[in-house]
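Have a look at the structure below before the remarks.
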Amino acid sequence: MKKILLVDDEVDILEFLKYNLEQEGFEVLVSTNGKDALKKILQNPDLIVLDIMMPGMDGFELYQQIKSNKSSQDIPIIFLTAKSGETDEIKGLDLGASDYIQKPISPKKLIARIKSNLRKSPALEKKSKEAENLKIGPLEINIEKFAIKVDNKLKFFPRKEFQLLYFLASNPGKVMKRETILKEIWGNDVYVIDRTIDVHIRKVREKLDKHSGIIETIKGVGYRFKHNE
């Protein structure tokens with residue numbers, strides 16, 4: 001049974017979402033503030049749904065605390081917020097959030113997004129059966145440990161960034177269309193806009209530092225991993 005942690009200062013929303021998630025067979029933990037949420041994370045949830053606008057410690061600050069802890073840094077996090085501003089969505093994606101959902105949202109849609117984020121990328125699922133490591137250019141990728149070394153230095157990539165880089169590196173020299181990337185990394189049942197891919201690509205390139213050019217933009221089509229880097 002997958003365990004979900006819901007963090008929101010609105011108790012009625014927590015109760016509503018908790019009921020619907022439990023009907024789908026999830027174990028649900030709830031918290032109304034960041035301090036309590038950090039304690040609940042010790043119960044090892046499989047995914048966190050995190051509201052941004054909370055008194056005291058807001059969702060962004062809580063997210064950073066969660067990701068700075070080695071024991072919780074790999075937990076997928078979905079931001080849930082009533083704010084419709086594009087700035088907050090981009091900030092959430094910049095931080096490395098797995099997904100971003102605006103209120104109000106139907107329980108069915110939230111459940112679909114949770115299930116999608118809990119699943120491994122189809123590309124990773126297929127490749128993990130074939131090999132643990134992928135060595136190409138300056139990269140060494142360990143798929144079982146979700147670890148990436150760049151020039152033999154270990155760097156942290158949030159789950160979606162990891163999946164994206166692994167997928168591109170697994171197909172060196174091939175132009176991967178944006179539609180293909182969306183399907184492989186986010187799945188068919190989640191609506192993700194093109195900007196989401198762009199934000200994740202930018203964050204991956206930042207971590208690749210001097211090797212950022214290893215991921216080429218093919219204008220109007222998608223991206224390509226340069227196999228001769």
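Labeling convention for the structure tokens: chains A, B, ... as they appear, residues from 1 per chain, ligands from 1 in order of appearance.
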How would you write, as a PyMOL selection string, the set of residues in range 15-229 of chain A that DSSP gives as strand (DSSP E)?
chain A and resi 27-31+47-51+77-81+99-102+133-136+139-142+147-150+153-155+175-177+215-218+222-225
Give me the range 52-84 of chain A side of the contact with range 160-168 of chain A, cut-off 12 Å, one line per residue showing its nearest atom pair and distance in Å at one decimal, counting only C-alpha atoms, sorted by chain and residue number, as a tab-separated table.
```
residue	atom	partner	partner_atom	distance
A:Asp74	CA	A:Lys160	CA	10.3
A:Ile75	CA	A:Lys160	CA	11.2
A:Pro76	CA	A:Lys160	CA	8.8
A:Ile77	CA	A:Lys160	CA	10.7
A:Ile78	CA	A:Lys160	CA	11.8
```
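In this model, the gap between CA of Glu22 in chain A and CA of Asp46 in chain A comes to 14.4 Å.
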Going by DSSP on the backbone, which bits of range 4-229 of chain A are helix (DSSP H, G or I)? Write them as a compact mmCIF listing (two decimals) with N, CA, C and O atoms, in the first residue's frame, please.
```txt
# COMPACT_ATOMS: atom_id res chain seq x y z
N VAL A 11 -8.11 22.45 6.66
CA VAL A 11 -8.49 21.14 7.19
C VAL A 11 -9.57 20.47 6.34
O VAL A 11 -9.54 19.25 6.13
N ASP A 12 -10.52 21.25 5.84
CA ASP A 12 -11.59 20.65 5.05
C ASP A 12 -11.06 20.03 3.76
O ASP A 12 -11.53 18.97 3.32
N ILE A 13 -10.05 20.66 3.15
CA ILE A 13 -9.43 20.10 1.94
C ILE A 13 -8.69 18.82 2.28
O ILE A 13 -8.77 17.82 1.55
N LEU A 14 -7.97 18.84 3.40
CA LEU A 14 -7.25 17.64 3.83
C LEU A 14 -8.21 16.46 4.01
O LEU A 14 -7.94 15.35 3.54
N GLU A 15 -9.31 16.68 4.71
CA GLU A 15 -10.27 15.61 4.97
C GLU A 15 -10.89 15.09 3.68
O GLU A 15 -11.06 13.88 3.50
N PHE A 16 -11.20 16.00 2.78
CA PHE A 16 -11.80 15.63 1.50
C PHE A 16 -10.85 14.78 0.67
O PHE A 16 -11.22 13.71 0.15
N LEU A 17 -9.59 15.24 0.55
CA LEU A 17 -8.62 14.50 -0.24
C LEU A 17 -8.24 13.18 0.43
O LEU A 17 -8.06 12.16 -0.25
N LYS A 18 -8.13 13.20 1.75
CA LYS A 18 -7.78 11.98 2.49
C LYS A 18 -8.83 10.89 2.25
O LYS A 18 -8.49 9.73 1.97
N TYR A 19 -10.09 11.26 2.33
CA TYR A 19 -11.18 10.30 2.12
C TYR A 19 -11.08 9.67 0.73
O TYR A 19 -11.17 8.45 0.57
N ASN A 20 -10.91 10.51 -0.28
CA ASN A 20 -10.88 10.01 -1.65
C ASN A 20 -9.65 9.15 -1.94
O ASN A 20 -9.74 8.16 -2.66
N LEU A 21 -8.54 9.51 -1.36
CA LEU A 21 -7.33 8.72 -1.56
C LEU A 21 -7.44 7.36 -0.85
O LEU A 21 -7.01 6.34 -1.38
N GLU A 22 -8.04 7.37 0.32
CA GLU A 22 -8.23 6.10 1.05
C GLU A 22 -9.18 5.17 0.30
O GLU A 22 -9.01 3.94 0.34
N GLN A 23 -10.15 5.74 -0.39
CA GLN A 23 -11.07 4.93 -1.19
C GLN A 23 -10.34 4.26 -2.35
O GLN A 23 -10.78 3.22 -2.85
N GLY A 34 4.27 23.05 8.18
CA GLY A 34 5.57 22.52 7.81
C GLY A 34 6.28 21.78 8.92
O GLY A 34 6.89 20.73 8.69
N LYS A 35 6.22 22.31 10.14
CA LYS A 35 6.92 21.69 11.26
C LYS A 35 6.39 20.28 11.52
O LYS A 35 7.16 19.34 11.70
N ASP A 36 5.07 20.13 11.50
CA ASP A 36 4.48 18.81 11.71
C ASP A 36 4.77 17.90 10.53
O ASP A 36 5.00 16.70 10.70
N ALA A 37 4.77 18.46 9.32
CA ALA A 37 5.04 17.66 8.12
C ALA A 37 6.42 17.02 8.18
O ALA A 37 6.60 15.87 7.78
N LEU A 38 7.42 17.76 8.68
CA LEU A 38 8.77 17.22 8.79
C LEU A 38 8.81 16.00 9.71
O LEU A 38 9.60 15.07 9.50
N LYS A 39 7.94 15.99 10.72
CA LYS A 39 7.86 14.83 11.61
C LYS A 39 7.19 13.66 10.90
O LYS A 39 7.60 12.51 11.03
N LYS A 40 6.14 13.96 10.13
CA LYS A 40 5.40 12.91 9.43
C LYS A 40 6.27 12.25 8.35
O LYS A 40 6.08 11.07 8.02
N ILE A 41 7.23 12.99 7.81
CA ILE A 41 8.10 12.43 6.77
C ILE A 41 8.96 11.29 7.33
O ILE A 41 9.40 10.41 6.58
N LEU A 42 9.14 11.28 8.64
CA LEU A 42 9.89 10.18 9.26
C LEU A 42 9.17 8.84 9.09
O LEU A 42 9.75 7.78 9.28
N GLN A 43 7.87 8.90 8.71
CA GLN A 43 7.11 7.68 8.45
C GLN A 43 7.25 7.21 7.00
O GLN A 43 6.56 6.30 6.56
N GLY A 59 5.26 26.35 1.42
CA GLY A 59 5.56 25.11 0.72
C GLY A 59 6.94 25.07 0.09
O GLY A 59 7.60 24.03 0.08
N PHE A 60 7.40 26.20 -0.44
CA PHE A 60 8.72 26.24 -1.06
C PHE A 60 9.82 25.99 -0.03
O PHE A 60 10.78 25.25 -0.29
N GLU A 61 9.69 26.62 1.14
CA GLU A 61 10.70 26.44 2.19
C GLU A 61 10.69 25.00 2.69
O GLU A 61 11.74 24.38 2.89
N LEU A 62 9.49 24.43 2.86
CA LEU A 62 9.38 23.05 3.32
C LEU A 62 9.99 22.12 2.28
O LEU A 62 10.69 21.16 2.62
N TYR A 63 9.71 22.38 1.02
CA TYR A 63 10.27 21.56 -0.06
C TYR A 63 11.79 21.51 0.02
O TYR A 63 12.41 20.44 -0.07
N GLN A 64 12.41 22.68 0.21
CA GLN A 64 13.86 22.74 0.26
C GLN A 64 14.42 21.97 1.46
O GLN A 64 15.47 21.34 1.36
N GLN A 65 13.71 22.01 2.59
CA GLN A 65 14.15 21.26 3.75
C GLN A 65 14.05 19.75 3.49
O GLN A 65 14.92 18.98 3.88
N ILE A 66 12.97 19.35 2.84
CA ILE A 66 12.79 17.93 2.52
C ILE A 66 13.91 17.45 1.60
O ILE A 66 14.50 16.39 1.81
N LYS A 67 14.22 18.24 0.57
CA LYS A 67 15.21 17.84 -0.42
C LYS A 67 16.64 17.94 0.09
O LYS A 67 17.55 17.34 -0.48
N SER A 68 16.85 18.70 1.15
CA SER A 68 18.20 18.82 1.71
C SER A 68 18.54 17.66 2.63
O SER A 68 19.69 17.50 3.03
N GLU A 86 1.85 32.28 -13.05
CA GLU A 86 2.85 31.49 -13.75
C GLU A 86 4.16 31.46 -12.98
O GLU A 86 4.90 30.49 -13.02
N THR A 87 4.46 32.54 -12.26
CA THR A 87 5.72 32.64 -11.52
C THR A 87 5.86 31.52 -10.51
O THR A 87 6.93 30.91 -10.38
N ASP A 88 4.78 31.23 -9.78
CA ASP A 88 4.85 30.16 -8.77
C ASP A 88 5.05 28.80 -9.42
O ASP A 88 5.76 27.94 -8.89
N GLU A 89 4.39 28.58 -10.55
CA GLU A 89 4.54 27.29 -11.23
C GLU A 89 5.97 27.10 -11.69
O GLU A 89 6.57 26.04 -11.49
N ILE A 90 6.55 28.13 -12.28
CA ILE A 90 7.93 28.03 -12.76
C ILE A 90 8.89 27.84 -11.58
O ILE A 90 9.83 27.05 -11.66
N LYS A 91 8.63 28.55 -10.47
CA LYS A 91 9.50 28.41 -9.30
C LYS A 91 9.44 26.98 -8.77
O LYS A 91 10.46 26.39 -8.42
N GLY A 92 8.22 26.40 -8.73
CA GLY A 92 8.08 25.03 -8.27
C GLY A 92 8.83 24.05 -9.15
O GLY A 92 9.52 23.14 -8.66
N LEU A 93 8.74 24.24 -10.46
CA LEU A 93 9.44 23.36 -11.38
C LEU A 93 10.95 23.58 -11.30
O LEU A 93 11.73 22.64 -11.41
N ASP A 94 11.35 24.83 -11.12
CA ASP A 94 12.77 25.14 -10.96
C ASP A 94 13.37 24.42 -9.77
O ASP A 94 14.51 23.95 -9.81
N LEU A 95 12.62 24.33 -8.70
CA LEU A 95 13.10 23.66 -7.50
C LEU A 95 13.24 22.15 -7.71
O LEU A 95 13.98 21.49 -7.01
N PRO A 107 -10.92 15.10 -7.28
CA PRO A 107 -10.18 13.99 -6.68
C PRO A 107 -9.68 13.00 -7.73
O PRO A 107 -8.56 12.48 -7.62
N LYS A 108 -10.49 12.74 -8.76
CA LYS A 108 -10.09 11.78 -9.80
C LYS A 108 -8.83 12.24 -10.51
O LYS A 108 -7.93 11.46 -10.81
N LYS A 109 -8.78 13.54 -10.80
CA LYS A 109 -7.61 14.07 -11.49
C LYS A 109 -6.37 14.02 -10.59
O LYS A 109 -5.27 13.67 -11.04
N LEU A 110 -6.54 14.38 -9.33
CA LEU A 110 -5.42 14.33 -8.39
C LEU A 110 -4.90 12.90 -8.25
O LEU A 110 -3.69 12.66 -8.26
N ILE A 111 -5.81 11.95 -8.13
CA ILE A 111 -5.42 10.55 -7.99
C ILE A 111 -4.65 10.08 -9.22
O ILE A 111 -3.64 9.37 -9.11
N ALA A 112 -5.12 10.50 -10.41
CA ALA A 112 -4.42 10.13 -11.64
C ALA A 112 -3.01 10.68 -11.66
O ALA A 112 -2.06 9.99 -12.05
N ARG A 113 -2.86 11.92 -11.21
CA ARG A 113 -1.53 12.55 -11.19
C ARG A 113 -0.63 11.87 -10.16
O ARG A 113 0.57 11.69 -10.38
N ILE A 114 -1.19 11.51 -9.02
CA ILE A 114 -0.42 10.82 -7.99
C ILE A 114 0.07 9.47 -8.51
O ILE A 114 1.24 9.12 -8.38
N LYS A 115 -0.82 8.71 -9.12
CA LYS A 115 -0.45 7.39 -9.65
C LYS A 115 0.62 7.51 -10.72
O LYS A 115 1.56 6.72 -10.78
N SER A 116 0.47 8.53 -11.57
CA SER A 116 1.46 8.74 -12.63
C SER A 116 2.83 9.07 -12.06
O SER A 116 3.85 8.55 -12.51
N ASN A 117 2.87 9.91 -11.04
CA ASN A 117 4.15 10.29 -10.44
C ASN A 117 4.77 9.18 -9.61
O ASN A 117 5.98 9.17 -9.38
N LEU A 118 3.94 8.24 -9.15
CA LEU A 118 4.47 7.11 -8.39
C LEU A 118 5.10 6.06 -9.30
O LEU A 118 5.99 5.32 -8.89
N PRO A 122 8.44 4.83 -18.15
CA PRO A 122 8.52 3.63 -18.99
C PRO A 122 9.92 3.40 -19.52
O PRO A 122 10.37 2.26 -19.63
N ALA A 123 10.62 4.48 -19.85
CA ALA A 123 11.98 4.33 -20.37
C ALA A 123 12.90 3.72 -19.32
O ALA A 123 13.71 2.84 -19.60
N LEU A 124 12.78 4.18 -18.07
CA LEU A 124 13.61 3.65 -17.00
C LEU A 124 13.25 2.21 -16.70
O LEU A 124 14.11 1.38 -16.43
N GLU A 125 11.98 1.89 -16.73
CA GLU A 125 11.52 0.54 -16.45
C GLU A 125 12.13 -0.44 -17.42
O GLU A 125 12.61 -1.51 -17.05
N LYS A 126 12.14 -0.07 -18.68
CA LYS A 126 12.67 -0.94 -19.73
C LYS A 126 14.17 -1.09 -19.60
O LYS A 126 14.72 -2.18 -19.67
N LYS A 127 14.86 0.03 -19.39
CA LYS A 127 16.32 0.01 -19.34
C LYS A 127 16.85 -0.68 -18.09
O LYS A 127 17.91 -1.28 -18.10
N SER A 128 16.12 -0.58 -16.98
CA SER A 128 16.61 -1.14 -15.72
C SER A 128 16.73 -2.65 -15.79
O SER A 128 17.47 -3.26 -15.02
N ARG A 159 14.01 13.46 -9.35
CA ARG A 159 13.57 12.30 -10.12
C ARG A 159 13.28 12.60 -11.59
O ARG A 159 13.75 11.89 -12.47
N LYS A 160 12.49 13.63 -11.87
CA LYS A 160 12.13 13.91 -13.26
C LYS A 160 13.35 14.34 -14.08
O LYS A 160 13.48 13.96 -15.25
N GLU A 161 14.24 15.11 -13.48
CA GLU A 161 15.46 15.50 -14.18
C GLU A 161 16.33 14.28 -14.45
O GLU A 161 16.92 14.15 -15.53
N PHE A 162 16.40 13.38 -13.48
CA PHE A 162 17.16 12.14 -13.65
C PHE A 162 16.59 11.33 -14.81
O PHE A 162 17.31 10.87 -15.70
N GLN A 163 15.27 11.16 -14.81
CA GLN A 163 14.62 10.37 -15.84
C GLN A 163 14.82 11.00 -17.22
O GLN A 163 15.05 10.29 -18.21
N LEU A 164 14.74 12.31 -17.27
CA LEU A 164 14.90 13.01 -18.53
C LEU A 164 16.31 12.84 -19.09
O LEU A 164 16.49 12.50 -20.27
N LEU A 165 17.32 13.05 -18.26
CA LEU A 165 18.70 12.91 -18.70
C LEU A 165 19.00 11.47 -19.09
O LEU A 165 19.65 11.20 -20.10
N TYR A 166 18.51 10.53 -18.30
CA TYR A 166 18.75 9.11 -18.60
C TYR A 166 18.12 8.74 -19.94
O TYR A 166 18.73 8.03 -20.75
N PHE A 167 16.92 9.20 -20.17
CA PHE A 167 16.23 8.88 -21.42
C PHE A 167 16.99 9.43 -22.63
O PHE A 167 17.20 8.71 -23.62
N LEU A 168 17.43 10.67 -22.55
CA LEU A 168 18.16 11.26 -23.66
C LEU A 168 19.52 10.57 -23.86
O LEU A 168 19.92 10.28 -25.00
N ALA A 169 20.22 10.31 -22.75
CA ALA A 169 21.54 9.67 -22.83
C ALA A 169 21.44 8.23 -23.32
O ALA A 169 22.40 7.69 -23.88
N ARG A 178 9.37 16.23 -28.67
CA ARG A 178 8.80 16.67 -27.39
C ARG A 178 7.65 15.74 -26.98
O ARG A 178 7.50 15.42 -25.80
N GLU A 179 6.84 15.30 -27.95
CA GLU A 179 5.72 14.41 -27.65
C GLU A 179 6.22 13.09 -27.08
O GLU A 179 5.63 12.52 -26.17
N THR A 180 7.34 12.60 -27.61
CA THR A 180 7.92 11.34 -27.13
C THR A 180 8.45 11.50 -25.72
O THR A 180 8.25 10.62 -24.86
N ILE A 181 9.10 12.62 -25.46
CA ILE A 181 9.64 12.87 -24.12
C ILE A 181 8.51 12.95 -23.11
O ILE A 181 8.58 12.36 -22.02
N LEU A 182 7.43 13.66 -23.44
CA LEU A 182 6.29 13.78 -22.54
C LEU A 182 5.72 12.41 -22.22
O LEU A 182 5.41 12.09 -21.06
N LYS A 183 5.56 11.57 -23.23
CA LYS A 183 4.98 10.24 -23.04
C LYS A 183 5.89 9.37 -22.17
O LYS A 183 5.42 8.67 -21.27
N GLU A 184 7.19 9.40 -22.45
CA GLU A 184 8.12 8.53 -21.74
C GLU A 184 8.35 8.94 -20.29
O GLU A 184 8.49 8.10 -19.42
N ILE A 185 8.41 10.24 -20.05
CA ILE A 185 8.76 10.72 -18.71
C ILE A 185 7.53 11.00 -17.85
O ILE A 185 7.51 10.71 -16.65
N TRP A 186 6.49 11.56 -18.43
CA TRP A 186 5.31 11.94 -17.64
C TRP A 186 4.11 11.00 -17.85
O TRP A 186 3.18 11.02 -17.07
N ASP A 194 4.43 22.29 -22.62
CA ASP A 194 5.78 22.31 -23.15
C ASP A 194 6.77 23.01 -22.23
O ASP A 194 7.94 22.63 -22.15
N ARG A 195 6.32 24.04 -21.54
CA ARG A 195 7.20 24.80 -20.66
C ARG A 195 7.80 23.90 -19.58
O ARG A 195 8.92 24.13 -19.12
N THR A 196 7.07 22.88 -19.17
CA THR A 196 7.58 21.95 -18.16
C THR A 196 8.84 21.27 -18.65
O THR A 196 9.83 21.14 -17.91
N ILE A 197 8.84 20.82 -19.91
CA ILE A 197 10.04 20.20 -20.46
C ILE A 197 11.18 21.20 -20.50
O ILE A 197 12.31 20.89 -20.10
N ASP A 198 10.89 22.41 -20.96
CA ASP A 198 11.93 23.43 -21.07
C ASP A 198 12.59 23.72 -19.73
O ASP A 198 13.81 23.85 -19.64
N VAL A 199 11.78 23.83 -18.68
CA VAL A 199 12.31 24.10 -17.34
C VAL A 199 13.21 22.97 -16.89
O VAL A 199 14.32 23.19 -16.37
N HIS A 200 12.77 21.73 -17.09
CA HIS A 200 13.58 20.58 -16.67
C HIS A 200 14.88 20.48 -17.47
O HIS A 200 15.94 20.16 -16.91
N ILE A 201 14.82 20.74 -18.77
CA ILE A 201 16.03 20.73 -19.59
C ILE A 201 17.02 21.78 -19.10
O ILE A 201 18.23 21.54 -18.98
N ARG A 202 16.50 22.96 -18.78
CA ARG A 202 17.38 24.03 -18.30
C ARG A 202 18.06 23.65 -16.99
O ARG A 202 19.27 23.88 -16.82
N LYS A 203 17.32 23.03 -16.10
CA LYS A 203 17.91 22.62 -14.82
C LYS A 203 18.95 21.52 -15.01
O LYS A 203 19.98 21.51 -14.34
N VAL A 204 18.68 20.59 -15.93
CA VAL A 204 19.65 19.53 -16.22
C VAL A 204 20.93 20.14 -16.78
O VAL A 204 22.04 19.79 -16.37
N ARG A 205 20.78 21.08 -17.71
CA ARG A 205 21.96 21.73 -18.30
C ARG A 205 22.79 22.47 -17.25
O ARG A 205 24.02 22.48 -17.30
N GLU A 206 22.11 23.11 -16.31
CA GLU A 206 22.83 23.83 -15.25
C GLU A 206 23.71 22.86 -14.46
O GLU A 206 24.85 23.19 -14.11
N LYS A 207 23.19 21.67 -14.18
CA LYS A 207 23.95 20.69 -13.41
C LYS A 207 25.08 20.07 -14.23
O LYS A 207 26.08 19.60 -13.68
N LEU A 208 24.92 20.06 -15.55
CA LEU A 208 25.97 19.53 -16.41
C LEU A 208 27.11 20.52 -16.58
O LEU A 208 28.19 20.17 -17.07
N ASP A 209 26.86 21.78 -16.21
CA ASP A 209 27.88 22.83 -16.20
C ASP A 209 28.56 22.96 -17.57
O ASP A 209 27.89 23.20 -18.56
N LYS A 210 29.86 22.73 -17.65
CA LYS A 210 30.58 22.93 -18.91
C LYS A 210 30.17 21.94 -19.99
O LYS A 210 30.50 22.13 -21.17
N HIS A 211 29.45 20.90 -19.60
CA HIS A 211 28.98 19.91 -20.57
C HIS A 211 27.52 20.16 -20.97
O HIS A 211 26.89 19.28 -21.55
N SER A 212 27.00 21.33 -20.67
CA SER A 212 25.58 21.60 -20.95
C SER A 212 25.23 21.43 -22.42
O SER A 212 24.11 21.06 -22.78
N GLY A 213 26.22 21.67 -23.30
CA GLY A 213 25.98 21.55 -24.74
C GLY A 213 25.77 20.13 -25.21
O GLY A 213 25.46 19.90 -26.39
N ILE A 214 25.93 19.17 -24.31
CA ILE A 214 25.73 17.78 -24.68
C ILE A 214 24.26 17.51 -25.03
O ILE A 214 23.94 16.55 -25.72
```
